Structure formats: C-alpha cells, structure tokens
file structure28.txt (compact mmCIF, N, CA and C atoms)
# COMPACT_ATOMS: atom_id res chain seq x y z
N MET A 635 -9.27 6.32 -8.99
CA MET A 635 -8.42 5.18 -8.69
C MET A 635 -8.40 4.24 -9.88
N SER A 636 -7.22 3.79 -10.18
CA SER A 636 -7.05 2.78 -11.22
C SER A 636 -6.37 1.58 -10.56
N ILE A 637 -7.19 0.65 -10.09
CA ILE A 637 -6.68 -0.50 -9.34
C ILE A 637 -6.30 -1.61 -10.30
N ARG A 638 -5.09 -2.14 -10.09
CA ARG A 638 -4.57 -3.22 -10.94
C ARG A 638 -4.32 -4.45 -10.06
N SER A 639 -4.83 -5.58 -10.48
CA SER A 639 -4.66 -6.82 -9.73
C SER A 639 -3.32 -7.45 -10.09
N ILE A 640 -2.51 -7.73 -9.06
CA ILE A 640 -1.26 -8.45 -9.25
C ILE A 640 -1.51 -9.94 -9.07
N ASP A 641 -2.31 -10.28 -8.11
CA ASP A 641 -2.85 -11.63 -7.93
C ASP A 641 -4.17 -11.47 -7.18
N PRO A 642 -4.91 -12.55 -6.93
CA PRO A 642 -6.23 -12.39 -6.32
C PRO A 642 -6.23 -11.67 -4.96
N SER A 643 -5.12 -11.69 -4.24
CA SER A 643 -5.12 -11.08 -2.92
C SER A 643 -4.32 -9.78 -2.83
N PHE A 644 -3.61 -9.39 -3.90
CA PHE A 644 -2.77 -8.20 -3.85
C PHE A 644 -3.02 -7.33 -5.07
N HIS A 645 -3.37 -6.07 -4.80
CA HIS A 645 -3.70 -5.12 -5.84
C HIS A 645 -2.91 -3.83 -5.60
N VAL A 646 -2.67 -3.08 -6.67
CA VAL A 646 -1.92 -1.84 -6.55
C VAL A 646 -2.66 -0.70 -7.24
N THR A 647 -2.33 0.52 -6.79
CA THR A 647 -2.90 1.71 -7.41
C THR A 647 -1.98 2.89 -7.13
N GLY A 648 -2.29 4.00 -7.77
CA GLY A 648 -1.57 5.24 -7.49
C GLY A 648 -2.09 5.85 -6.20
N GLN A 649 -1.63 7.04 -5.90
CA GLN A 649 -1.98 7.74 -4.67
C GLN A 649 -3.49 7.73 -4.41
N ILE A 650 -3.87 7.42 -3.20
CA ILE A 650 -5.27 7.48 -2.80
C ILE A 650 -5.46 8.66 -1.85
N SER A 651 -6.70 9.04 -1.66
CA SER A 651 -7.01 10.12 -0.71
C SER A 651 -7.81 9.53 0.45
N PRO A 652 -7.76 10.19 1.59
CA PRO A 652 -8.53 9.70 2.74
C PRO A 652 -10.02 9.53 2.42
N SER A 653 -10.56 10.37 1.55
CA SER A 653 -11.99 10.29 1.22
C SER A 653 -12.34 9.03 0.42
N GLN A 654 -11.35 8.31 -0.09
CA GLN A 654 -11.62 7.10 -0.88
C GLN A 654 -11.62 5.82 -0.04
N LEU A 655 -11.29 5.91 1.24
CA LEU A 655 -11.15 4.69 2.04
C LEU A 655 -12.46 3.95 2.25
N ASN A 656 -13.57 4.63 2.37
CA ASN A 656 -14.86 3.93 2.48
C ASN A 656 -15.16 3.16 1.20
N GLU A 657 -14.86 3.77 0.06
CA GLU A 657 -15.06 3.09 -1.22
C GLU A 657 -14.15 1.86 -1.32
N ILE A 658 -12.90 2.02 -0.89
CA ILE A 658 -11.95 0.90 -0.91
C ILE A 658 -12.45 -0.24 -0.04
N ALA A 659 -12.95 0.08 1.14
CA ALA A 659 -13.52 -0.95 2.01
C ALA A 659 -14.73 -1.61 1.34
N GLY A 660 -15.55 -0.80 0.68
CA GLY A 660 -16.72 -1.32 -0.01
C GLY A 660 -16.38 -2.26 -1.15
N LEU A 661 -15.18 -2.13 -1.71
CA LEU A 661 -14.73 -3.02 -2.78
C LEU A 661 -14.22 -4.35 -2.23
N GLY A 662 -14.19 -4.47 -0.89
CA GLY A 662 -13.81 -5.73 -0.28
C GLY A 662 -12.38 -5.81 0.25
N PHE A 663 -11.63 -4.73 0.11
CA PHE A 663 -10.27 -4.74 0.64
C PHE A 663 -10.29 -4.73 2.16
N LYS A 664 -9.32 -5.39 2.75
CA LYS A 664 -9.20 -5.46 4.21
C LYS A 664 -8.03 -4.65 4.73
N THR A 665 -7.04 -4.38 3.86
CA THR A 665 -5.80 -3.72 4.25
C THR A 665 -5.35 -2.77 3.16
N VAL A 666 -4.80 -1.62 3.56
CA VAL A 666 -4.11 -0.73 2.63
C VAL A 666 -2.66 -0.61 3.10
N ILE A 667 -1.77 -0.55 2.13
CA ILE A 667 -0.35 -0.40 2.42
C ILE A 667 0.17 0.79 1.63
N CYS A 668 0.74 1.75 2.34
CA CYS A 668 1.33 2.93 1.72
C CYS A 668 2.81 2.68 1.50
N MET A 669 3.25 2.73 0.26
CA MET A 669 4.67 2.58 -0.05
C MET A 669 5.26 3.89 -0.57
N ARG A 670 4.54 4.96 -0.36
CA ARG A 670 4.99 6.28 -0.81
C ARG A 670 5.43 7.09 0.40
N PRO A 671 6.70 7.55 0.43
CA PRO A 671 7.14 8.37 1.56
C PRO A 671 6.30 9.64 1.70
N ASP A 672 6.03 10.05 2.92
CA ASP A 672 5.33 11.32 3.15
C ASP A 672 6.10 12.45 2.48
N ASN A 673 5.37 13.43 2.00
CA ASN A 673 5.93 14.64 1.37
C ASN A 673 6.66 14.38 0.06
N GLU A 674 6.40 13.25 -0.57
CA GLU A 674 7.03 12.97 -1.86
C GLU A 674 6.40 13.82 -2.97
N GLY A 675 5.11 14.04 -2.89
CA GLY A 675 4.41 14.76 -3.95
C GLY A 675 3.64 15.95 -3.43
N PHE A 676 3.35 16.86 -4.32
CA PHE A 676 2.58 18.06 -4.02
C PHE A 676 1.16 17.67 -3.64
N ARG A 677 0.68 18.19 -2.52
CA ARG A 677 -0.67 17.93 -2.01
C ARG A 677 -0.95 16.47 -1.70
N GLN A 678 0.07 15.71 -1.46
CA GLN A 678 -0.07 14.31 -1.09
C GLN A 678 -0.53 14.23 0.37
N PRO A 679 -1.60 13.50 0.66
CA PRO A 679 -2.00 13.36 2.07
C PRO A 679 -0.94 12.57 2.84
N SER A 680 -0.78 12.89 4.09
CA SER A 680 0.18 12.16 4.92
C SER A 680 -0.36 10.76 5.19
N PHE A 681 0.55 9.86 5.54
CA PHE A 681 0.10 8.52 5.89
C PHE A 681 -0.82 8.57 7.11
N ASP A 682 -0.53 9.45 8.07
CA ASP A 682 -1.39 9.55 9.25
C ASP A 682 -2.83 9.87 8.87
N GLU A 683 -3.02 10.75 7.89
CA GLU A 683 -4.37 11.08 7.43
C GLU A 683 -5.05 9.85 6.81
N VAL A 684 -4.30 9.14 5.98
CA VAL A 684 -4.84 7.95 5.33
C VAL A 684 -5.13 6.87 6.38
N ALA A 685 -4.22 6.68 7.32
CA ALA A 685 -4.39 5.65 8.35
C ALA A 685 -5.62 5.94 9.21
N HIS A 686 -5.84 7.20 9.54
CA HIS A 686 -7.01 7.56 10.34
C HIS A 686 -8.30 7.24 9.58
N ALA A 687 -8.35 7.63 8.30
CA ALA A 687 -9.54 7.34 7.49
C ALA A 687 -9.70 5.83 7.29
N ALA A 688 -8.60 5.11 7.16
CA ALA A 688 -8.66 3.65 7.00
C ALA A 688 -9.27 3.02 8.24
N GLN A 689 -8.82 3.46 9.41
CA GLN A 689 -9.35 2.92 10.66
C GLN A 689 -10.85 3.17 10.76
N GLU A 690 -11.28 4.38 10.39
CA GLU A 690 -12.70 4.70 10.43
C GLU A 690 -13.50 3.84 9.45
N ALA A 691 -12.86 3.41 8.35
CA ALA A 691 -13.54 2.57 7.36
C ALA A 691 -13.42 1.08 7.69
N GLY A 692 -12.75 0.76 8.79
CA GLY A 692 -12.60 -0.64 9.19
C GLY A 692 -11.47 -1.37 8.49
N LEU A 693 -10.50 -0.62 7.97
CA LEU A 693 -9.36 -1.20 7.27
C LEU A 693 -8.11 -1.14 8.12
N GLU A 694 -7.24 -2.11 7.93
CA GLU A 694 -5.92 -2.08 8.54
C GLU A 694 -5.01 -1.27 7.61
N ALA A 695 -4.08 -0.50 8.16
CA ALA A 695 -3.18 0.31 7.34
C ALA A 695 -1.74 0.10 7.78
N HIS A 696 -0.85 0.00 6.79
CA HIS A 696 0.59 -0.16 7.05
C HIS A 696 1.37 0.86 6.25
N TYR A 697 2.49 1.30 6.80
CA TYR A 697 3.37 2.29 6.15
C TYR A 697 4.71 1.63 5.85
N LEU A 698 4.99 1.39 4.57
CA LEU A 698 6.25 0.81 4.12
C LEU A 698 6.83 1.70 3.03
N PRO A 699 7.32 2.89 3.37
CA PRO A 699 7.78 3.81 2.34
C PRO A 699 8.99 3.29 1.57
N VAL A 700 8.92 3.45 0.26
CA VAL A 700 10.01 3.05 -0.63
C VAL A 700 10.40 4.28 -1.44
N VAL A 701 11.65 4.69 -1.33
CA VAL A 701 12.15 5.84 -2.08
C VAL A 701 12.28 5.44 -3.55
N PRO A 702 11.79 6.28 -4.48
CA PRO A 702 11.90 5.95 -5.90
C PRO A 702 13.34 5.61 -6.27
N GLY A 703 13.49 4.58 -7.09
CA GLY A 703 14.80 4.18 -7.56
C GLY A 703 15.53 3.22 -6.64
N SER A 704 14.97 2.95 -5.47
CA SER A 704 15.59 1.98 -4.57
C SER A 704 14.60 0.88 -4.26
N MET A 705 15.09 -0.31 -4.09
CA MET A 705 14.25 -1.43 -3.73
C MET A 705 14.87 -2.12 -2.52
N PRO A 706 14.66 -1.55 -1.34
CA PRO A 706 15.30 -2.12 -0.16
C PRO A 706 14.71 -3.48 0.22
N LEU A 707 15.61 -4.40 0.47
CA LEU A 707 15.20 -5.75 0.85
C LEU A 707 14.41 -5.76 2.15
N ASP A 708 14.74 -4.84 3.07
CA ASP A 708 14.03 -4.83 4.36
C ASP A 708 12.54 -4.53 4.16
N GLN A 709 12.19 -3.68 3.20
CA GLN A 709 10.78 -3.40 2.95
C GLN A 709 10.09 -4.63 2.36
N ALA A 710 10.79 -5.37 1.51
CA ALA A 710 10.23 -6.59 0.94
C ALA A 710 9.99 -7.63 2.04
N GLU A 711 10.92 -7.71 2.98
CA GLU A 711 10.76 -8.66 4.10
C GLU A 711 9.59 -8.25 4.99
N LYS A 712 9.43 -6.95 5.22
CA LYS A 712 8.29 -6.47 6.01
C LYS A 712 6.98 -6.76 5.29
N LEU A 713 6.96 -6.55 3.97
CA LEU A 713 5.76 -6.84 3.20
C LEU A 713 5.44 -8.34 3.26
N LYS A 714 6.44 -9.17 3.15
CA LYS A 714 6.23 -10.62 3.23
C LYS A 714 5.59 -10.99 4.57
N SER A 715 6.04 -10.36 5.63
CA SER A 715 5.47 -10.60 6.95
C SER A 715 4.00 -10.18 7.00
N ILE A 716 3.68 -9.02 6.45
CA ILE A 716 2.29 -8.54 6.41
C ILE A 716 1.44 -9.50 5.59
N LEU A 717 1.95 -9.92 4.44
CA LEU A 717 1.20 -10.83 3.57
C LEU A 717 0.86 -12.13 4.27
N GLY A 718 1.78 -12.61 5.10
CA GLY A 718 1.57 -13.86 5.80
C GLY A 718 0.51 -13.79 6.89
N LYS A 719 0.15 -12.59 7.30
CA LYS A 719 -0.83 -12.41 8.38
C LYS A 719 -2.20 -11.97 7.89
N GLN A 720 -2.34 -11.65 6.63
CA GLN A 720 -3.59 -11.10 6.11
C GLN A 720 -4.57 -12.19 5.72
N THR A 721 -5.85 -11.89 5.92
CA THR A 721 -6.90 -12.83 5.57
C THR A 721 -7.78 -12.34 4.44
N GLY A 722 -7.54 -11.13 3.97
CA GLY A 722 -8.37 -10.58 2.90
C GLY A 722 -7.53 -9.82 1.90
N PRO A 723 -8.17 -9.30 0.86
CA PRO A 723 -7.45 -8.59 -0.19
C PRO A 723 -6.73 -7.33 0.33
N ILE A 724 -5.58 -7.07 -0.27
CA ILE A 724 -4.73 -5.93 0.09
C ILE A 724 -4.67 -4.98 -1.09
N LEU A 725 -4.74 -3.67 -0.79
CA LEU A 725 -4.52 -2.63 -1.79
C LEU A 725 -3.29 -1.84 -1.36
N ALA A 726 -2.24 -1.89 -2.18
CA ALA A 726 -1.02 -1.13 -1.90
C ALA A 726 -0.96 0.05 -2.85
N TYR A 727 -0.44 1.17 -2.36
CA TYR A 727 -0.36 2.34 -3.23
C TYR A 727 0.96 3.08 -3.07
N CYS A 728 1.33 3.75 -4.16
CA CYS A 728 2.47 4.68 -4.20
C CYS A 728 2.06 5.74 -5.22
N ALA A 729 2.99 6.33 -5.93
CA ALA A 729 2.60 7.35 -6.91
C ALA A 729 1.84 6.73 -8.08
N SER A 730 2.30 5.57 -8.56
CA SER A 730 1.67 4.94 -9.71
C SER A 730 1.27 3.48 -9.50
N GLY A 731 1.80 2.85 -8.45
CA GLY A 731 1.57 1.43 -8.21
C GLY A 731 2.76 0.58 -8.62
N GLN A 732 3.69 1.15 -9.39
CA GLN A 732 4.84 0.39 -9.88
C GLN A 732 5.76 -0.08 -8.76
N ARG A 733 6.08 0.79 -7.80
CA ARG A 733 6.94 0.40 -6.68
C ARG A 733 6.29 -0.72 -5.88
N CYS A 734 4.99 -0.62 -5.70
CA CYS A 734 4.27 -1.64 -4.94
C CYS A 734 4.39 -3.00 -5.62
N ALA A 735 4.22 -3.01 -6.94
CA ALA A 735 4.31 -4.27 -7.68
C ALA A 735 5.73 -4.83 -7.60
N ALA A 736 6.74 -3.96 -7.68
CA ALA A 736 8.13 -4.42 -7.62
C ALA A 736 8.48 -4.98 -6.24
N VAL A 737 8.05 -4.30 -5.18
CA VAL A 737 8.34 -4.79 -3.83
C VAL A 737 7.58 -6.09 -3.57
N TYR A 738 6.37 -6.20 -4.09
CA TYR A 738 5.60 -7.44 -3.95
C TYR A 738 6.35 -8.60 -4.63
N ASP A 739 6.88 -8.35 -5.81
CA ASP A 739 7.64 -9.38 -6.51
C ASP A 739 8.86 -9.80 -5.67
N MET A 740 9.54 -8.83 -5.08
CA MET A 740 10.69 -9.14 -4.22
C MET A 740 10.24 -9.95 -2.99
N ALA A 741 9.12 -9.55 -2.42
CA ALA A 741 8.61 -10.22 -1.21
C ALA A 741 8.26 -11.68 -1.50
N LYS A 742 7.70 -11.93 -2.66
CA LYS A 742 7.32 -13.30 -3.01
C LYS A 742 8.55 -14.18 -3.22
N ARG A 743 9.68 -13.58 -3.59
CA ARG A 743 10.91 -14.34 -3.81
C ARG A 743 11.84 -14.36 -2.61
N ALA A 744 11.50 -13.59 -1.58
CA ALA A 744 12.36 -13.52 -0.40
C ALA A 744 12.32 -14.85 0.36
N PRO A 745 13.45 -15.24 0.93
CA PRO A 745 13.49 -16.52 1.68
C PRO A 745 12.65 -16.48 2.95

call {"tool": "encode", "arguments": {"input": "structure28.txt", "output": "structure tokens"}}
result
Amino acid sequence: MSIRSIDPSFHVTGQISPSQLNEIAGLGFKTVICMRPDNEGFRQPSFDEVAHAAQEAGLEAHYLPVVPGSMPLDQAEKLKSILGKQTGPILAYCASGQRCAAVYDMAKRAP
C-alpha cells in the first residue's frame, strides 16, 4: 500500500486486498471507501470481499464506484454526505488513488 494524505482526515491509495484491512484499522483509519467498480481489473477483489473484511476489522465500508474517465457529480455528492458523518480518518481506494482524489476535490466544492 502506498497511502497518500490529501488532508488530515482523507487519504487515498491504490487497490487494497481484504487481508490488509486489519493493518488499515491498525493505522487508525475508521472508514474505507471503494471507488473502483467491481471487475475493473484482473484479480481485483470484489467490494463484498473487502466490505466483509472491513467489518471484521471494525471498519465502516462504502462503495462509490467511479468509471475511469468520468467524474459523476452524484458520486461527489454521496462522498460529501459520507464525509459529513465521519468522525475518524478515511482511506479511499481505486486503481491508483487518482479518481479518489479527484472526486474528493469535487465533493469539497459541491454546494
């Protein structure tokens, strides 16, 4: 994992595996957000697999898939809603973390 801080409460990374969720919880994260559509990549774990491991690690998990090359406003609005309810650090992931950072930027500017 190569975790990049966007701000103190929001961090991004590339694809994670279910086996990394205990480590992620140990780093102090409270929530993981998947912005990668299922079946986008070869051998990519499904969100259900990640969500199950997240629950076992005591993390909240959200699925906000963003198709590469598109930045839907509805996903930014959903992210803004999630951000408003969180009390701890968030780790969002996609293939590289770039989509997560872009949607976060949109969410921060959304009305």

call {"tool": "closest_residue", "arguments": {"input": "structure28.txt", "among": "A:Glu657, A:Ser639, A:Asp708, A:Ala744", "to": "Ala687 in chain A", "atoms": "only C-alpha atoms"}}
result
A:Glu657

call {"tool": "closest_residue", "arguments": {"input": "structure28.txt", "among": "A:Leu717, A:Tyr697, A:Ala710, A:Tyr727", "to": "Met740 in chain A", "atoms": "all atoms listed in the file"}}
result
A:Ala710

call {"tool": "closest_residue", "arguments": {"input": "structure28.txt", "among": "A:Pro642, A:Gly662, A:Pro671, A:Gly731", "to": "Val701 in chain A", "atoms": "only N, CA and C atoms"}}
result
A:Pro671

call {"tool": "closest_residue", "arguments": {"input": "structure28.txt", "among": "A:Leu693, A:Ile637, A:Ala685, A:Cys668", "to": "Asn656 in chain A", "atoms": "only C-alpha atoms"}}
result
A:Leu693

call {"tool": "atom_distance", "arguments": {"input": "structure28.txt", "atom1": "atom N of Ser680 in chain A", "atom2": "CA of Ser636 in chain A"}}
result
19.4 Å

call {"tool": "atom_distance", "arguments": {"input": "structure28.txt", "atom1": "CA of Phe663 in chain A", "atom2": "CA of Ile650 in chain A"}}
result
13.6 Å

call {"tool": "residues_near_point", "arguments": {"input": "structure28.txt", "point": "(-6.8, -2.2, 1.8)", "cutoff": "5 Å", "atoms": "all atoms listed in the file", "output": "list in words"}}
result
Phe663, Lys664, Thr665, Val666, Ile724 and Leu725 of chain A
